[in-house]
Structure formats: C-alpha cells, structure tokens
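> Got a structure for you, written out below as structure tokens; questions coming shortly.
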Amino acid sequence: MQYFRSFNRQRAAMVAELRSLGIRHEGVLDAIGRVERHLFLDQALHLRAYRNEALPIGNGQTISQPLTVALQTALLDPRPGDRMLEIGLGSGYQAAVLCEMGVEVYSIEYHERLWQLAHQRLSTLGYVLTSRVGDGSTGWPEFAPFDGVVVTAGATETPKMLMSQLILPSVKKQGGRLVVPIGDRTAQKMMRCLRKGLHEYQWEEGGAFRFVPFING
Ligand code: SAH
C-alpha cells in the first residue's frame, strides 16, 4: 500500500515539474497524472519512473522523457474522439496518455518483441487501441485520415506519406496535425505540420531534442 501511495506522490510531483517546465495544456497534464509510468518499465527501473528522463525498454529503444511526451501531446492538441496515429509504440506509454485523453489510438511498432510487450501491458491495464508490428514510415492508409500523427523516433527527412494522411480542414475544422522530430542522428528539431488544404501544409519549428533514430525499414 505504502509502495503505491509513494508512486502517486511522485507522479503528482512529476506533473508539477512538467508545469514548471512550461507545459500549460491542462488536458495533457491531467492525462499524464493518471498514467502509471512505472508499469511501462522493468521493475528494476520503477524507482526512476517519475524522474524527467528517458529510460531503456529493450531492443536499444527508450521510453521518451516525460517532458518530451508532454510536449508532443500538447502539440497534437487531442480532443476526445479524435483519431490519431503513433509511429513507434515502444513501451506503450505515449499511447496510454492519448487513450486517457479520449483519443481513438492507432500505433505501429517496428520491433515485434516490443510490440508484444506493449500490447500485453496495455490490454492488462484496460487501454483499448489498434496496433500492429511493422514499418510505420508509410503510415496506416486503411485508417486514414487522422486528426493527429506523432512520430516518436527521430526522422531524417520529411515524412510525406504521413502528411498525406492528415485530415483536411474542409472535412474537420481544426485540420490534421503531424508532430515529428526531424534532424540527423545526433539531434532533431521538434516540427509540427498543420494540414491547411489538399496540397497546403504549414510547418512550425520547435526546440531541439534527441530521439532514438527512426528505422528506415
Ligand atoms: N512512444 C514510445 C517511445 C518509444 S522510442 C513510448 O512511449 O515508449 C521509439 C520507438 O519507435 C521504438 O520502439 C522504435 O522501435 C520505434 N520505431 C523506430 N522506427 C520505426 C519505424 N520505422 N516504424 C515503426 N516504429 C519505429
């Protein structure tokens, strides 16, 4: 009991830290406050789960830093009922945060073992989403268009196939948002692409990050 209580306190402290670091999206902060990040990690890492750091999840991959998850989710600006695609399910943590916000989540993971672990974990925790193993660079056309697409690995080029799967503002007022870190292997800039029309996109540039590399399958 003590064990669980202390994690609740640590999680609340992490949310307060994210707020102090500039995250202002209340829906995102609430969702992060509800997802038990330690359950997405090996037991040996539980005590570090609520620090603002990326941690290993196997296959050379990492669960993103909480600040990064908060920022990417805030940039997606999810509304309940939105349909969103994640490239890089990894531990399943980012997907769980989106589920908590009432998003209909689709996710693709390159590594079969990571997919299996995350799939099992998410269903045990009661999160409902659609996911598969594969190379996410071409998106998931069968389920497009999406209100949001988030890439959780560092891309080296503009993902055109993902841009084309964003919903048009003529169909849904807000239009689709793509959040993707783009750069070289050592550092990326957080980029957001807003769909403005059939062939019109507006790019915005954010801060510098370091993600595990996108696998060009
Ligand atoms: N969103 C994850 C972060 C995982 S790290 C989480 O919350 O834990 C990025 C993930 O992207 C890794 O699991 C990696 O295997 C996956 N990945 C990298 N390139 C990919 C690709 N081309 N298609 C699908 N997944 C990819």
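Just remember, in the structure tokens the first chain shown is A, the second B, etc., residues are 1-based per chain, and ligands are 1-based in the order shown.
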So which residues are near ligand 1, meaning at most 6 Å away with only C-alpha atoms and all ligand atoms counted, given back as a list in words?
Gln61, Thr62, Ile63, Ser64, Ile87, Gly88, Leu89, Gly90, Ser91, Gly92, Tyr93, Gln94, Ile108, Glu109, Tyr110, His111, Gly134, Asp135, Gly136, Ser137, Thr152, Ala153, Phe214, Ile215, Asn216 and Gly217 of chain A
> Please, could you write that set of residues out with C-alpha atoms as an mmCIF file, in the first residue's frame?

```cif
data_model
loop_
_atom_site.group_PDB
_atom_site.id
_atom_site.type_symbol
_atom_site.label_atom_id
_atom_site.label_comp_id
_atom_site.auth_asym_id
_atom_site.auth_seq_id
_atom_site.Cartn_x
_atom_site.Cartn_y
_atom_site.Cartn_z
ATOM 1 C CA GLN A 61 14.996 1.682 -27.531
ATOM 2 C CA THR A 62 13.807 4.060 -24.814
ATOM 3 C CA ILE A 63 10.588 5.304 -23.275
ATOM 4 C CA SER A 64 10.646 9.038 -24.078
ATOM 5 C CA ILE A 87 4.680 5.736 -35.108
ATOM 6 C CA GLY A 88 6.790 3.897 -32.502
ATOM 7 C CA LEU A 89 4.592 2.236 -29.852
ATOM 8 C CA GLY A 90 7.695 1.338 -27.803
ATOM 9 C CA SER A 91 6.612 0.802 -24.204
ATOM 10 C CA GLY A 92 3.039 1.927 -24.941
ATOM 11 C CA TYR A 93 3.295 4.920 -22.590
ATOM 12 C CA GLN A 94 2.583 7.686 -25.119
ATOM 13 C CA ILE A 108 2.772 0.928 -35.282
ATOM 14 C CA GLU A 109 5.944 -0.587 -33.779
ATOM 15 C CA TYR A 110 8.919 -1.859 -35.752
ATOM 16 C CA HIS A 111 10.239 -4.356 -33.157
ATOM 17 C CA GLY A 134 5.709 -3.040 -38.999
ATOM 18 C CA ASP A 135 7.481 -0.107 -40.559
ATOM 19 C CA GLY A 136 5.415 2.979 -39.825
ATOM 20 C CA SER A 137 7.068 5.234 -42.393
ATOM 21 C CA THR A 152 8.300 9.128 -31.505
ATOM 22 C CA ALA A 153 11.681 8.423 -33.175
ATOM 23 C CA PHE A 214 13.758 6.269 -36.908
ATOM 24 C CA ILE A 215 14.324 2.872 -38.535
ATOM 25 C CA ASN A 216 14.070 3.010 -42.307
ATOM 26 C CA GLY A 217 12.687 -0.475 -42.785
#
```
> Give me every strand (DSSP E or B) residue in stretch 73-197 of chain A, going by DSSP on the backbone, as a VMD selection string.
chain A and resid 83 to 87 104 to 109 130 to 133 146 148 to 151 154 to 155 166 177 to 183 188 to 195
> Store the residues of this selection in a file with N, CA, C and O atoms, as a compact mmCIF listing (two decimals), in the first residue's frame.

```txt
# COMPACT_ATOMS: atom_id res chain seq x y z
N ARG A 83 -9.02 10.79 -33.89
CA ARG A 83 -8.37 9.55 -34.31
C ARG A 83 -6.90 9.89 -34.59
O ARG A 83 -6.62 10.79 -35.38
N MET A 84 -6.01 9.22 -33.88
CA MET A 84 -4.59 9.58 -34.02
C MET A 84 -3.71 8.36 -34.24
O MET A 84 -3.97 7.28 -33.70
N LEU A 85 -2.64 8.59 -35.00
CA LEU A 85 -1.68 7.53 -35.32
C LEU A 85 -0.34 7.84 -34.68
O LEU A 85 0.18 8.95 -34.82
N GLU A 86 0.20 6.85 -33.97
CA GLU A 86 1.54 6.98 -33.40
C GLU A 86 2.49 6.07 -34.16
O GLU A 86 2.16 4.91 -34.40
N ILE A 87 3.66 6.59 -34.52
CA ILE A 87 4.68 5.74 -35.11
C ILE A 87 5.72 5.50 -34.02
O ILE A 87 6.40 6.44 -33.57
N GLU A 104 -8.98 7.97 -30.14
CA GLU A 104 -9.01 6.65 -30.75
C GLU A 104 -7.60 6.43 -31.31
O GLU A 104 -7.20 7.09 -32.26
N VAL A 105 -6.85 5.54 -30.66
CA VAL A 105 -5.41 5.44 -30.95
C VAL A 105 -5.08 4.28 -31.89
O VAL A 105 -5.56 3.16 -31.72
N TYR A 106 -4.20 4.59 -32.87
CA TYR A 106 -3.61 3.60 -33.77
C TYR A 106 -2.11 3.71 -33.58
O TYR A 106 -1.60 4.83 -33.46
N SER A 107 -1.40 2.59 -33.53
CA SER A 107 0.05 2.70 -33.32
C SER A 107 0.78 1.57 -34.03
O SER A 107 0.30 0.44 -34.09
N ILE A 108 1.95 1.91 -34.56
CA ILE A 108 2.77 0.93 -35.28
C ILE A 108 4.14 0.84 -34.61
O ILE A 108 4.73 1.87 -34.26
N GLU A 109 4.63 -0.38 -34.40
CA GLU A 109 5.94 -0.59 -33.78
C GLU A 109 6.78 -1.51 -34.66
O GLU A 109 6.32 -2.55 -35.08
N THR A 130 -5.70 0.20 -31.41
CA THR A 130 -5.41 -0.68 -32.53
C THR A 130 -3.93 -0.54 -32.85
O THR A 130 -3.46 0.58 -33.07
N SER A 131 -3.18 -1.66 -32.84
CA SER A 131 -1.74 -1.53 -33.09
C SER A 131 -1.26 -2.72 -33.91
O SER A 131 -1.92 -3.75 -33.97
N ARG A 132 -0.12 -2.53 -34.53
CA ARG A 132 0.47 -3.63 -35.31
C ARG A 132 1.99 -3.50 -35.36
O ARG A 132 2.54 -2.42 -35.09
N VAL A 133 2.63 -4.61 -35.75
CA VAL A 133 4.07 -4.61 -35.97
C VAL A 133 4.33 -4.17 -37.40
O VAL A 133 3.57 -4.55 -38.30
N PHE A 146 -6.23 10.97 -40.32
CA PHE A 146 -6.04 11.12 -38.88
C PHE A 146 -6.10 12.60 -38.47
O PHE A 146 -5.63 13.46 -39.20
N GLY A 148 -4.40 13.48 -35.89
CA GLY A 148 -3.03 13.71 -35.46
C GLY A 148 -2.16 12.52 -35.79
O GLY A 148 -2.64 11.38 -35.77
N VAL A 149 -0.89 12.81 -36.12
CA VAL A 149 0.10 11.75 -36.30
C VAL A 149 1.32 12.17 -35.50
O VAL A 149 1.77 13.32 -35.60
N VAL A 150 1.83 11.26 -34.66
CA VAL A 150 3.01 11.58 -33.87
C VAL A 150 4.09 10.55 -34.13
O VAL A 150 3.83 9.34 -34.11
N VAL A 151 5.29 11.04 -34.44
CA VAL A 151 6.43 10.15 -34.65
C VAL A 151 7.31 10.24 -33.41
O VAL A 151 7.73 11.34 -33.02
N GLY A 154 13.46 9.83 -34.08
CA GLY A 154 13.99 10.96 -34.84
C GLY A 154 14.09 10.67 -36.32
O GLY A 154 14.83 9.79 -36.75
N ALA A 155 13.34 11.42 -37.13
CA ALA A 155 13.35 11.23 -38.58
C ALA A 155 14.44 12.08 -39.22
O ALA A 155 14.82 13.13 -38.69
N LEU A 166 -3.14 13.19 -43.05
CA LEU A 166 -3.78 14.13 -42.11
C LEU A 166 -5.14 14.55 -42.65
O LEU A 166 -5.30 14.76 -43.87
N ARG A 177 -2.81 17.44 -37.58
CA ARG A 177 -1.52 17.90 -37.06
C ARG A 177 -0.53 16.73 -37.08
O ARG A 177 -0.85 15.66 -36.59
N LEU A 178 0.66 16.97 -37.62
CA LEU A 178 1.73 15.96 -37.59
C LEU A 178 2.85 16.49 -36.70
O LEU A 178 3.33 17.60 -36.90
N VAL A 179 3.25 15.71 -35.70
CA VAL A 179 4.32 16.13 -34.80
C VAL A 179 5.48 15.16 -34.98
O VAL A 179 5.33 13.95 -34.75
N VAL A 180 6.61 15.69 -35.44
CA VAL A 180 7.73 14.80 -35.79
C VAL A 180 9.07 15.48 -35.53
O VAL A 180 9.29 16.61 -35.95
N PRO A 181 9.97 14.79 -34.83
CA PRO A 181 11.31 15.34 -34.66
C PRO A 181 12.14 15.06 -35.92
O PRO A 181 12.25 13.91 -36.33
N ILE A 182 12.69 16.12 -36.52
CA ILE A 182 13.46 15.93 -37.77
C ILE A 182 14.87 16.49 -37.59
O ILE A 182 15.05 17.60 -37.09
N GLY A 183 15.86 15.70 -38.01
CA GLY A 183 17.24 16.17 -37.93
C GLY A 183 18.19 15.07 -38.37
O GLY A 183 17.83 14.24 -39.20
N GLN A 188 17.60 16.52 -33.18
CA GLN A 188 16.47 16.82 -34.06
C GLN A 188 15.75 18.06 -33.54
O GLN A 188 15.81 18.38 -32.37
N LYS A 189 15.04 18.72 -34.45
CA LYS A 189 14.16 19.83 -34.08
C LYS A 189 12.74 19.29 -34.05
O LYS A 189 12.34 18.53 -34.93
N MET A 190 11.99 19.68 -33.01
CA MET A 190 10.60 19.25 -32.97
C MET A 190 9.83 20.06 -34.01
O MET A 190 9.83 21.29 -33.97
N MET A 191 9.21 19.39 -34.96
CA MET A 191 8.49 20.07 -36.02
C MET A 191 7.00 19.72 -35.92
O MET A 191 6.64 18.60 -35.56
N ARG A 192 6.18 20.74 -36.26
CA ARG A 192 4.74 20.46 -36.35
C ARG A 192 4.25 20.91 -37.71
O ARG A 192 4.53 22.03 -38.14
N CYS A 193 3.53 20.02 -38.37
CA CYS A 193 3.00 20.30 -39.69
C CYS A 193 1.47 20.32 -39.60
O CYS A 193 0.86 19.37 -39.12
N LEU A 194 0.88 21.43 -40.02
CA LEU A 194 -0.57 21.57 -39.98
C LEU A 194 -1.12 21.44 -41.39
O LEU A 194 -0.62 22.10 -42.31
N ARG A 195 -2.13 20.61 -41.56
CA ARG A 195 -2.74 20.48 -42.89
C ARG A 195 -3.70 21.63 -43.11
O ARG A 195 -4.62 21.85 -42.32
```
> So which one's closest to A:Gly139, A:Ser164, A:Ser20, A:Thr156, A:Gln120? Using only C-alpha atoms, please.
A:Ser164
> Tell me, which residues of stretch 2-146 of chain A carry DSSP alpha helix (DSSP H), written as a ChimeraX atom specification?
/A:2-20,26-34,66-76,93-100,112-124
> A:Val35: which residues within 7 Å, counting only C-alpha atoms, same-chain residues fewer than 4 positions away excluded, as number ranges by chain?
A: 31, 96-97
> Skip A:Ala70 itself and residues of its chain fewer than 5 positions away, then list as a ChimeraX atom specification all residues within 8 Å of it, counting only C-alpha atoms.
/A:18,23,28-29,32
> Report the distance between atom CA of A:Leu76 and atom CA of A:Gln165 in Å, rounded to one decimal place.
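Computing the Euclidean distance for atom CA of A:Leu76 and atom CA of A:Gln165 yields 14.5 Å.
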> Between A:Leu47, A:Ala74, A:Val128, A:Val212, which is the closest to A:Glu100 once you count only C-alpha atoms?
A:Val128
> In Å, rounded to a single decimal, give me how far atom CA of A:Ala118 is from atom CA of A:Ala49.
16.3 Å
> Measuring atom to atom with only C-alpha atoms, identify which of A:Phe40, A:Trp140, A:Trp203, A:Phe209 is nearest to A:Ala95.
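For A:Ala95, the nearest of the given residues is A:Phe40.
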> Atom CA of A:Arg51 to atom CA of A:Arg9: how many Å, to one decimal?
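Separation of atom CA of A:Arg51 and atom CA of A:Arg9: 12.2 Å.
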> Closest to A:Thr68 among A:Thr158, A:Ala208, A:Ala13, A:Leu41, using only C-alpha atoms?
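Once distances to A:Thr68 are computed over only C-alpha atoms, the minimum belongs to A:Ala208.
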> Kindly indicate which residue among A:Gln202, A:Thr73, A:Asp147, A:Pro66 lies nearest to A:Gln174, using only C-alpha atoms for the distances.
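Of the candidates, the smallest distance to A:Gln174 is held by A:Asp147.
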